[in-house]
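Next up, protein_1.cif (mmCIF, C-alpha atoms and all ligand atoms):
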data_work
#
loop_
_atom_site.label_atom_id
_atom_site.label_comp_id
_atom_site.auth_asym_id
_atom_site.auth_seq_id
_atom_site.Cartn_x
_atom_site.Cartn_y
_atom_site.Cartn_z
CA MET A 33 -14.34 -95.26 -1.75
CA THR A 34 -13.39 -95.25 1.89
CA LEU A 35 -11.74 -91.83 2.29
CA SER A 36 -13.42 -88.44 2.67
CA ALA A 37 -12.93 -85.63 0.14
CA THR A 38 -10.83 -83.84 2.77
CA ASP A 39 -8.53 -86.87 3.20
CA ILE A 40 -8.10 -87.13 -0.57
CA LYS A 41 -7.09 -83.47 -0.84
CA GLU A 42 -4.71 -83.71 2.13
CA LEU A 43 -3.01 -86.87 0.88
CA ALA A 44 -2.57 -85.39 -2.60
CA GLN A 45 -1.02 -82.32 -0.97
CA ARG A 46 1.30 -84.52 1.07
CA LEU A 47 2.54 -86.40 -2.01
CA ASP A 48 2.89 -83.17 -3.96
CA SER A 49 5.00 -81.63 -1.18
CA ALA A 50 7.18 -84.75 -1.04
CA GLN A 51 7.90 -84.31 -4.75
CA THR A 52 8.41 -80.54 -4.76
CA LEU A 53 10.52 -80.53 -1.57
CA CYS A 54 12.36 -83.70 -2.58
CA ALA A 55 11.64 -85.27 0.81
CA ASP A 56 10.24 -88.79 1.10
CA THR A 57 7.08 -89.60 3.05
CA PRO A 58 5.82 -92.74 4.83
CA SER A 59 3.39 -95.08 3.10
CA LEU A 60 -0.14 -93.60 3.18
CA SER A 61 -1.41 -96.98 4.30
CA ASP A 62 0.44 -96.59 7.64
CA THR A 63 -2.35 -94.18 8.61
CA HIS A 64 -5.16 -94.49 6.03
CA GLU A 65 -7.13 -97.37 4.52
CA ALA A 66 -7.35 -96.28 0.93
CA ASP A 67 -8.85 -98.49 -1.77
CA LEU A 68 -8.06 -98.23 -5.49
CA ASP A 69 -10.93 -95.80 -6.12
CA ASP A 70 -9.48 -93.51 -3.45
CA ALA A 71 -6.01 -93.99 -4.93
CA TYR A 72 -7.03 -92.86 -8.43
CA ALA A 73 -8.93 -89.92 -6.85
CA ILE A 74 -5.75 -88.89 -4.97
CA GLN A 75 -3.75 -89.22 -8.22
CA SER A 76 -6.23 -86.94 -10.01
CA ALA A 77 -6.06 -84.38 -7.19
CA LEU A 78 -2.26 -84.53 -7.32
CA ILE A 79 -2.27 -83.90 -11.06
CA GLU A 80 -4.67 -80.98 -10.56
CA LEU A 81 -2.12 -79.41 -8.20
CA ARG A 82 0.53 -79.74 -10.91
CA GLN A 83 -1.84 -78.30 -13.53
CA ALA A 84 -2.55 -75.35 -11.22
CA ARG A 85 1.19 -74.61 -11.41
CA GLY A 86 0.94 -74.52 -15.22
CA GLU A 87 1.93 -78.09 -16.10
CA GLN A 88 0.21 -79.73 -19.06
CA ILE A 89 -0.70 -83.41 -19.35
CA VAL A 90 1.27 -84.87 -22.26
CA GLY A 91 0.70 -88.58 -21.84
CA VAL A 92 0.22 -91.60 -19.66
CA LYS A 93 2.36 -94.46 -18.39
CA LEU A 94 1.70 -98.02 -17.38
CA GLY A 95 3.26 -99.85 -14.45
CA PHE A 96 3.16 -103.40 -13.15
CA THR A 97 3.34 -104.70 -16.72
CA SER A 98 5.70 -107.56 -15.93
CA LYS A 99 4.73 -110.89 -14.38
CA ALA A 100 7.53 -110.47 -11.82
CA LYS A 101 6.28 -107.07 -10.64
CA MET A 102 2.63 -108.21 -10.56
CA ALA A 103 3.64 -111.23 -8.47
CA GLN A 104 5.76 -109.08 -6.14
CA MET A 105 2.82 -106.71 -5.55
CA GLY A 106 0.20 -109.49 -5.49
CA VAL A 107 -1.86 -107.82 -8.24
CA SER A 108 -3.19 -108.91 -11.59
CA GLU A 109 -3.87 -105.59 -13.27
CA VAL A 110 -1.68 -102.80 -14.61
CA ILE A 111 -1.59 -99.34 -13.04
CA VAL A 112 -1.74 -96.06 -14.96
CA GLY A 113 -0.20 -92.69 -14.18
CA ARG A 114 -0.04 -89.34 -15.96
CA LEU A 115 2.93 -87.69 -17.68
CA THR A 116 3.25 -83.91 -17.60
CA ASP A 117 5.46 -81.61 -19.66
CA ALA A 118 7.58 -80.91 -16.55
CA MET A 119 8.63 -84.59 -16.57
CA ARG A 120 9.78 -84.52 -20.20
CA ILE A 121 13.55 -84.69 -20.80
CA ALA A 122 14.95 -84.17 -24.32
CA ASP A 123 16.82 -87.11 -25.81
CA GLY A 124 20.50 -86.80 -24.81
CA ALA A 125 19.89 -83.95 -22.36
CA GLU A 126 21.63 -83.37 -19.03
CA VAL A 127 19.46 -83.94 -15.98
CA ASP A 128 20.08 -82.68 -12.45
CA LEU A 129 19.55 -85.81 -10.34
CA GLY A 130 19.28 -83.58 -7.26
CA ARG A 131 15.68 -82.83 -8.23
CA PHE A 132 14.69 -86.42 -7.38
CA ILE A 133 14.54 -88.37 -4.08
CA HIS A 134 15.96 -91.78 -5.11
CA PRO A 135 15.52 -92.05 -8.88
CA LYS A 136 15.71 -95.25 -10.91
CA ALA A 137 15.69 -95.77 -14.69
CA GLU A 138 13.56 -98.22 -16.66
CA PRO A 139 13.88 -99.10 -20.38
CA GLU A 140 10.52 -98.71 -22.07
CA ILE A 141 8.67 -98.62 -25.38
CA ALA A 142 6.78 -95.39 -26.12
CA TYR A 143 3.76 -95.15 -28.41
CA ARG A 144 2.35 -91.91 -29.85
CA LEU A 145 -1.40 -91.38 -30.08
CA SER A 146 -2.37 -89.91 -33.45
CA ARG A 147 -6.00 -89.32 -32.52
CA ASP A 148 -8.23 -89.00 -29.49
CA VAL A 149 -9.33 -92.36 -28.11
CA ALA A 150 -13.13 -92.64 -27.83
CA LEU A 151 -13.39 -94.26 -24.41
CA ASP A 152 -17.17 -94.67 -24.53
CA ASP A 153 -17.32 -96.36 -27.93
CA PRO A 154 -17.22 -100.15 -27.41
CA ALA A 155 -15.87 -100.53 -30.96
CA THR A 156 -12.77 -98.41 -30.31
CA ASP A 157 -9.64 -99.98 -31.74
CA ILE A 158 -6.82 -98.41 -29.76
CA GLU A 159 -4.11 -99.76 -32.08
CA SER A 160 -5.60 -97.65 -34.89
CA CYS A 161 -5.16 -94.55 -32.69
CA VAL A 162 -1.36 -94.99 -32.60
CA ASP A 163 1.00 -93.91 -35.40
CA ALA A 164 4.53 -94.17 -34.01
CA VAL A 165 6.80 -96.06 -31.66
CA ALA A 166 10.10 -95.09 -29.99
CA PRO A 167 12.64 -96.28 -27.45
CA ALA A 168 12.25 -94.53 -24.10
CA ILE A 169 13.59 -94.25 -20.58
CA GLU A 170 11.30 -93.72 -17.62
CA ILE A 171 12.63 -92.21 -14.40
CA ILE A 172 10.65 -93.55 -11.46
CA ASP A 173 11.04 -91.84 -8.11
CA SER A 174 8.58 -93.10 -5.53
CA ARG A 175 7.77 -90.39 -3.03
CA TYR A 176 7.58 -93.14 -0.37
CA ARG A 177 10.46 -93.84 1.98
CA ASN A 178 12.61 -96.73 0.70
CA PHE A 179 10.13 -97.38 -2.16
CA ARG A 180 7.87 -99.03 0.46
CA PHE A 181 4.29 -98.85 -0.79
CA THR A 182 1.05 -100.77 -1.23
CA HIS A 183 -0.91 -101.05 -4.48
CA PRO A 184 -3.20 -98.08 -3.63
CA ASP A 185 -0.18 -96.08 -2.37
CA VAL A 186 1.67 -96.31 -5.66
CA VAL A 187 -1.42 -95.43 -7.71
CA ALA A 188 -1.99 -92.37 -5.50
CA ASP A 189 1.65 -91.37 -6.05
CA ASN A 190 1.05 -91.19 -9.82
CA THR A 191 2.72 -94.62 -10.18
CA SER A 192 6.13 -93.20 -9.19
CA ALA A 193 6.30 -91.19 -12.45
CA ALA A 194 9.04 -88.55 -12.27
CA GLY A 195 10.65 -88.11 -15.70
CA TYR A 196 10.97 -89.62 -19.13
CA VAL A 197 13.06 -89.46 -22.31
CA VAL A 198 11.73 -90.50 -25.72
CA GLY A 199 14.18 -91.32 -28.53
CA PRO A 200 13.47 -90.81 -32.25
CA TRP A 201 9.94 -91.77 -33.28
CA ARG A 202 9.46 -94.17 -36.18
CA SER A 203 6.31 -95.28 -37.97
CA LEU A 204 4.34 -97.82 -36.03
CA GLU A 205 5.63 -101.36 -36.37
CA SER A 206 5.48 -104.46 -34.24
CA VAL A 207 7.99 -104.42 -31.38
CA THR A 208 7.35 -107.99 -30.29
CA ASN A 209 10.25 -109.76 -28.65
CA ARG A 210 13.00 -107.20 -29.30
CA SER A 211 16.10 -107.34 -27.15
CA VAL A 212 16.53 -104.44 -24.77
CA GLN A 213 19.62 -103.12 -23.04
CA LEU A 214 19.57 -100.54 -20.27
CA THR A 215 22.92 -99.01 -19.32
CA VAL A 216 23.35 -96.74 -16.31
CA GLY A 217 27.03 -95.85 -15.94
CA SER A 218 28.79 -99.19 -15.44
CA LYS A 219 25.56 -101.11 -14.70
CA GLN A 220 23.53 -102.97 -17.29
CA ALA A 221 20.24 -104.80 -17.49
CA LEU A 222 19.35 -107.00 -20.44
CA GLY A 223 15.83 -108.03 -21.32
CA SER A 224 13.18 -108.25 -23.97
CA THR A 225 10.09 -106.29 -24.89
CA ALA A 226 8.27 -109.58 -24.19
CA ALA A 227 8.55 -108.67 -20.49
CA ILE A 228 5.89 -106.01 -21.18
CA LEU A 229 2.70 -108.08 -20.90
CA GLY A 230 4.15 -110.60 -23.39
CA ASP A 231 4.06 -107.94 -26.14
CA PRO A 232 4.02 -104.13 -25.64
CA VAL A 233 0.96 -103.82 -27.89
CA ARG A 234 -1.02 -105.51 -25.09
CA ALA A 235 -0.18 -102.51 -22.92
CA LEU A 236 -2.34 -100.40 -25.25
CA HIS A 237 -5.33 -102.69 -24.70
CA ALA A 238 -4.73 -102.80 -20.94
CA LEU A 239 -4.50 -98.99 -20.98
CA LEU A 240 -7.84 -98.66 -22.77
CA ASP A 241 -9.49 -100.85 -20.14
CA VAL A 242 -8.10 -98.84 -17.20
CA ALA A 243 -8.71 -95.49 -18.93
CA ARG A 244 -12.37 -96.43 -19.48
CA ARG A 245 -12.87 -97.46 -15.86
CA ARG A 246 -10.89 -94.58 -14.35
CA ARG A 247 -12.01 -91.93 -16.85
CA ILE A 248 -8.48 -91.04 -17.93
CA PRO A 249 -8.67 -89.08 -21.22
CA LEU A 250 -6.35 -90.25 -24.02
CA ARG A 251 -5.70 -87.48 -26.54
CA ALA A 252 -4.06 -87.10 -29.95
CA GLY A 253 -0.36 -86.25 -29.64
CA GLN A 254 0.05 -87.86 -26.22
CA THR A 255 2.86 -90.29 -25.39
CA VAL A 256 2.12 -93.68 -23.86
CA LEU A 257 4.92 -95.37 -21.92
CA ALA A 258 4.05 -99.05 -22.20
CA GLY A 259 6.02 -100.42 -19.23
CA ALA A 260 9.47 -101.59 -18.22
CA ALA A 261 11.34 -104.28 -20.17
CA THR A 262 13.82 -105.01 -17.33
CA ALA A 263 14.08 -104.32 -13.62
CA ALA A 264 14.83 -100.68 -12.80
CA ILE A 265 18.42 -99.54 -12.12
CA GLU A 266 19.26 -96.82 -9.60
CA LEU A 267 20.23 -93.64 -11.47
CA THR A 268 23.77 -92.39 -10.98
CA PRO A 269 25.64 -89.48 -12.59
CA GLY A 270 26.79 -90.16 -16.15
CA VAL A 271 25.12 -91.56 -19.23
CA THR A 272 21.95 -93.66 -19.07
CA GLU A 273 20.91 -95.32 -22.31
CA CYS A 274 18.11 -97.59 -23.45
CA GLN A 275 18.76 -99.54 -26.67
CA ILE A 276 16.03 -101.54 -28.36
CA ALA A 277 16.97 -103.84 -31.22
CA GLY A 278 15.78 -102.50 -34.56
CA ILE A 279 14.11 -99.49 -32.96
CA GLY A 280 17.00 -97.33 -31.77
CA SER A 281 18.05 -95.72 -28.53
CA ALA A 282 17.24 -92.96 -26.07
CA SER A 283 19.67 -91.45 -23.58
CA MET A 284 20.19 -88.84 -20.91
CA LYS A 285 23.12 -87.67 -18.83
CA GLY A 286 22.67 -87.43 -15.08
CA ARG A 287 24.72 -84.93 -13.10
O1 LIG A 301 6.82 -99.83 -13.97
C1 LIG A 301 6.77 -98.71 -13.44
O2 LIG A 301 6.71 -97.68 -14.09
C2 LIG A 301 6.89 -98.65 -11.94
C3 LIG A 301 5.57 -98.42 -11.31
C4 LIG A 301 5.70 -98.10 -9.87
C5 LIG A 301 6.42 -99.10 -9.06
C6 LIG A 301 7.76 -98.62 -8.61
O3 LIG A 301 7.94 -97.45 -8.26
O4 LIG A 301 8.67 -99.48 -8.53
MG MG A 302 7.79 -97.55 -15.96
#
What is this file in structure tokens?
Amino acid sequence: MTLSATDIKELAQRLDSAQTLCADTPSLSDTHEADLDDAYAIQSALIELRQARGEQIVGVKLGFTSKAKMAQMGVSEVIVGRLTDAMRIADGAEVDLGRFIHPKAEPEIAYRLSRDVALDDPATDIESCVDAVAPAIEIIDSRYRNFRFTHPDVVADNTSAAGYVVGPWRSLESVTNRSVQLTVGSKQALGSTAAILGDPVRALHALLDVARRRRIPLRAGQTVLAGAATAAIELTPGVTECQIAGIGSASMKGR
């Protein structure tokens, strides 16, 4: 850790204000030298501010799960952020895009945890703690100006998490190498679930590793967003849909 407890509190407050006031902020690294330990401490402080307003933690999300994104950021490990109930959007629901700064959509696979994950038990089999899978959309909305951030910056900013939609759950099955289509108005991105660490199930193992090291609790009933299967598309008014072959679709309508 390089930052003081006061810095951590102040930076969490700054990111929280950026989100609540819908006003972007410069990269923290313009003024502070945060390392990853600091970054996860800022993220935790940020989530505590949301919890103090009554929000509940309902899951976690992974980022940097594609080779392209890891290479772009010069990192070799995934990042993890928290999902709260205020970020949840019902499948097919209308969403006021004015509540975001510069939102983008990502097509994702969601997993549902059916039991608490014992982080301290070396024998824990995280796949056995999952009972369902679903198509999902993540809305990312970096609080940093022009999405300009460093690795610690984005971790501190709760990995750009801003909203998510989960489609119908189905019993757990392999989702290896399924084709994925993200549609945002007239724009489309095509990809494969293989873009998520080669196979989305690997995201569960990567999550367990980070959760152990960063002491992020994983509880029964929580949703895990495994990572993006294509590049993100800027959200515009109209229908946004994620279709995953053999799994189904999730959608929302921006206004
Ligand atoms: O994959 C993701 O959920 C994105 C993580 C944060 C990076 C970004 O905001 O582009
Ligand atoms: Mg994502």
Closest atom pairs, residues of chain A within 12 Å of ligand MG 302 (chain A), only C-alpha atoms and all ligand atoms, as CSV:
residue,atom,partner,partner_atom,distance
A:Val92,CA,A:MG302,MG,10.3
A:Lys93,CA,A:MG302,MG,6.7
A:Leu94,CA,A:MG302,MG,6.3
A:Gly95,CA,A:MG302,MG,5.3
A:Phe96,CA,A:MG302,MG,8.0
A:Thr97,CA,A:MG302,MG,8.5
A:Ser98,CA,A:MG302,MG,10.2
A:Lys101,CA,A:MG302,MG,11.0
A:Val110,CA,A:MG302,MG,10.9
A:Ile111,CA,A:MG302,MG,10.0
A:Val112,CA,A:MG302,MG,9.7
A:Gly113,CA,A:MG302,MG,9.5
A:Arg114,CA,A:MG302,MG,11.3
A:Leu115,CA,A:MG302,MG,11.1
A:Pro135,CA,A:MG302,MG,11.8
A:Lys136,CA,A:MG302,MG,9.7
A:Ala137,CA,A:MG302,MG,8.2
A:Glu138,CA,A:MG302,MG,5.9
A:Pro139,CA,A:MG302,MG,7.7
A:Glu140,CA,A:MG302,MG,6.8
A:Ile141,CA,A:MG302,MG,9.5
A:Ala142,CA,A:MG302,MG,10.4
A:Ala168,CA,A:MG302,MG,9.8
A:Ile169,CA,A:MG302,MG,8.1
A:Glu170,CA,A:MG302,MG,5.5
A:Ile171,CA,A:MG302,MG,7.4
A:Ile172,CA,A:MG302,MG,6.7
A:Asp173,CA,A:MG302,MG,10.2
A:Ser174,CA,A:MG302,MG,11.4
A:Asn190,CA,A:MG302,MG,11.1
A:Thr191,CA,A:MG302,MG,8.2
A:Ser192,CA,A:MG302,MG,8.2
A:Ala193,CA,A:MG302,MG,7.4
A:Ala194,CA,A:MG302,MG,9.8
A:Gly195,CA,A:MG302,MG,9.9
A:Tyr196,CA,A:MG302,MG,9.1
A:Val197,CA,A:MG302,MG,11.6
A:Ile228,CA,A:MG302,MG,10.1
A:Ala235,CA,A:MG302,MG,11.7
A:Val256,CA,A:MG302,MG,10.5
A:Leu257,CA,A:MG302,MG,7.0
A:Ala258,CA,A:MG302,MG,7.4
A:Gly259,CA,A:MG302,MG,4.7
A:Ala260,CA,A:MG302,MG,4.9
A:Ala261,CA,A:MG302,MG,8.7
A:Thr262,CA,A:MG302,MG,9.7
A:Ala263,CA,A:MG302,MG,9.5
A:Ala264,CA,A:MG302,MG,8.3
A:Ile265,CA,A:MG302,MG,11.5
Centre, edges in Å (one decimal): axis-aligned box, ligand LIG 301 (chain A), 8 Å padding on all six sides, as lines of an AutoDock Vina configuration file:
center_x = 7.1
center_y = -98.6
center_z = -11.2
size_x = 19.1
size_y = 18.4
size_z = 21.8
>> Just to confirm, what's the straight-line distance from CA of Asp148 (chain A) to CA of Cys161 (chain A) in Å (one decimal)?
In response: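 One can read the CA of Asp148 (chain A) to CA of Cys161 (chain A) distance as 7.1 Å.
Of the listed residues A:Gln213, A:Ala188, A:Leu236, A:Gly270, the one whose atoms come nearest to Ser61 (chain A) is A:Ala188, with distances taken using only C-alpha atoms.
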Using only C-alpha atoms, find all polymer residues with an atom at most 9 Å away from the point (-3.5, -88.0, -24.4); report them as a PDB file with C-alpha atoms, keeping the file's coordinate frame.
ATOM      1  CA  ILE A  89      -0.700 -83.410 -19.350  1.00  0.00           C
ATOM      2  CA  VAL A  90       1.270 -84.870 -22.260  1.00  0.00           C
ATOM      3  CA  GLY A  91       0.700 -88.580 -21.840  1.00  0.00           C
ATOM      4  CA  VAL A  92       0.220 -91.600 -19.660  1.00  0.00           C
ATOM      5  CA  ARG A 144       2.350 -91.910 -29.850  1.00  0.00           C
ATOM      6  CA  LEU A 145      -1.400 -91.380 -30.080  1.00  0.00           C
ATOM      7  CA  ARG A 147      -6.000 -89.320 -32.520  1.00  0.00           C
ATOM      8  CA  ASP A 148      -8.230 -89.000 -29.490  1.00  0.00           C
ATOM      9  CA  VAL A 149      -9.330 -92.360 -28.110  1.00  0.00           C
ATOM     10  CA  ILE A 248      -8.480 -91.040 -17.930  1.00  0.00           C
ATOM     11  CA  PRO A 249      -8.670 -89.080 -21.220  1.00  0.00           C
ATOM     12  CA  LEU A 250      -6.350 -90.250 -24.020  1.00  0.00           C
ATOM     13  CA  ARG A 251      -5.700 -87.480 -26.540  1.00  0.00           C
ATOM     14  CA  ALA A 252      -4.060 -87.100 -29.950  1.00  0.00           C
ATOM     15  CA  GLY A 253      -0.360 -86.250 -29.640  1.00  0.00           C
ATOM     16  CA  GLN A 254       0.050 -87.860 -26.220  1.00  0.00           C
ATOM     17  CA  THR A 255       2.860 -90.290 -25.390  1.00  0.00           C
ATOM     18  CA  VAL A 256       2.120 -93.680 -23.860  1.00  0.00           C
TER      19      VAL A 256
END
